[in-house]
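Working notes, structure below.
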Amino acid sequence: MKQLRNTVIRAGLEVLSRSGVHHLLRPIFAGVGAVFMLHHVRPGRDAEFQPNRHLEVEPEFLRATLQHLRALDIDLVTMDEVHARLSQRHFARRFACFSFDDGYRDNRDFALPVMREFDAPMNVFVATDFAEGTGRLWWVALERVIATASSIEIPIGGNTTRLDTSTPATKQAAFDRIHDWLRALPGEHDQEREISALCARRGVDEAAIARELCLSWDELKPFADDPLVTIGAHTISHCNLARQSEATASFEIATSRARIEDALQRPVLHFCYPYGDRSAAGVREFAATKAAGFKTAVTTRPGMIYPESADHLTALQRVSLNGNYQDVRILPVLTSGTATAMWNGFRRIDAA
């Protein structure tokens, strides 16, 4: 189903690009700016099975995106500047802001050099357990479990189900099914229990993944000193906040900020919701980040920034730079706001 959705989205983007309709709709849906969402930036891999490919773009595509924005004479700004322009209703010039979720080492090694070429700020949202080296990047662990297996057994609905993982296609189908099953489990502990059991059976060192992929506190300190870098908070454990009690969600939000400020000795004023869709961040979470004193908070709900976004500073929409669609031809479609407007049924703000 996810592969079908990706195919449909790709086809839709190509149709919009070829038709040129996005040029006509740009004045209506481009808004006053955009916050772009990224995760990994690193060279492409050759493996046939890459279920998390959507979370990574190659440095050259990031460079092409920045070149495109410069050609449009769009200001490249920090989250502080996004907040200032929205708060002050300063919309004389359109802006773009680049946000990077989770705190991956490749943000420093591959994204930052490209951003420097354009004097472009980058906002990196750090989950503090990842920086500690104790966090669980379960979606990466699941990819590694399936990559080396010819079949996988999982206890869905109390019954053991065997899934074929002998080919790239069946691996992808199994990943999608297990991913959705894990996301739907009642609590974070249930998810941790099941992915840890899978890793143990397949010999995957789940605990080592964060240390392998994410910036440690010692690495974050010099990284945060770069004038182009702003560090934001992304909870402690990268949990689904909407599934937590109100007290736990508030603790995750406030304590992640306190830990980063203590480690880096700088204020943390911007937040990013893990997963960030409707099932993970809603009205309660939007209010909680505001109560915790954050200036802004970003979701993964697709959309541009509009003047009305000033009324929803802790529910800001973003535009995903998705690794499945690294085609420079679609960049004018993305920056026109047409694609996200169509996805949202032509609603400008999605903050309910």
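Within each chain, counting starts at residue 1; across the structure tokens, chains are named A, B, ... in the order shown, with ligands numbered 1 upward in that order.
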Self-check item: Shell around Tyr273 of chain A at 10 Å using only C-alpha atoms, local window under 2 positions removed, as a VMD selection string
Solution: chain A and resid 101 125 233 to 235 238 to 242 253 271 275 to 277 280 to 282 285 to 286 289 297 to 300 314 to 315
Exercise. Using DSSP on the backbone, list every residue of segment 53-293 of chain A that comes out as helix (DSSP H, G or I), and give them as a ChimeraX atom specification.
Key: /A:53-55,59-71,79-88,105-117,128-132,138-147,168-184,188-202,208-213,217-225,241-243,246-264,283-291
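Each of A:Ala147, A:Asp180, A:Lys171, A:Ala64 was compared to Gly203 of chain A using only C-alpha atoms, and A:Ala147 turns out to be the nearest.
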Quiz prompt | Atom pair atom CA of Val114 of chain A / atom CA of His22 of chain A: separation (Å) | solution =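 Separation between atom CA of Val114 of chain A and atom CA of His22 of chain A: 27.4 Å.
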Quiz item: Of the candidates A:His40, A:Gln191, A:Asp73, A:Ser237, which shows the shortest atom-to-atom distance to Val57 of chain A, using only C-alpha atoms?
Solution: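 With only C-alpha atoms as the atom set, the closest residue is A:His40.
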Quiz prompt | Straight-line distance linking atom CA of Arg105 of chain A with atom CA of Glu194 of chain A, stated in Å to one decimal | solution =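 Pair atom CA of Arg105 of chain A / atom CA of Glu194 of chain A returns 27.0 Å.
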Practice problem: Return the single residue from A:Phe130, A:Asp102, A:Pro155, A:Glu117 that is closest to Cys272 of chain A, with distances computed using only C-alpha atoms. | Solution: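 When distances to Cys272 of chain A are compared using only C-alpha atoms, the smallest one comes from A:Asp102.
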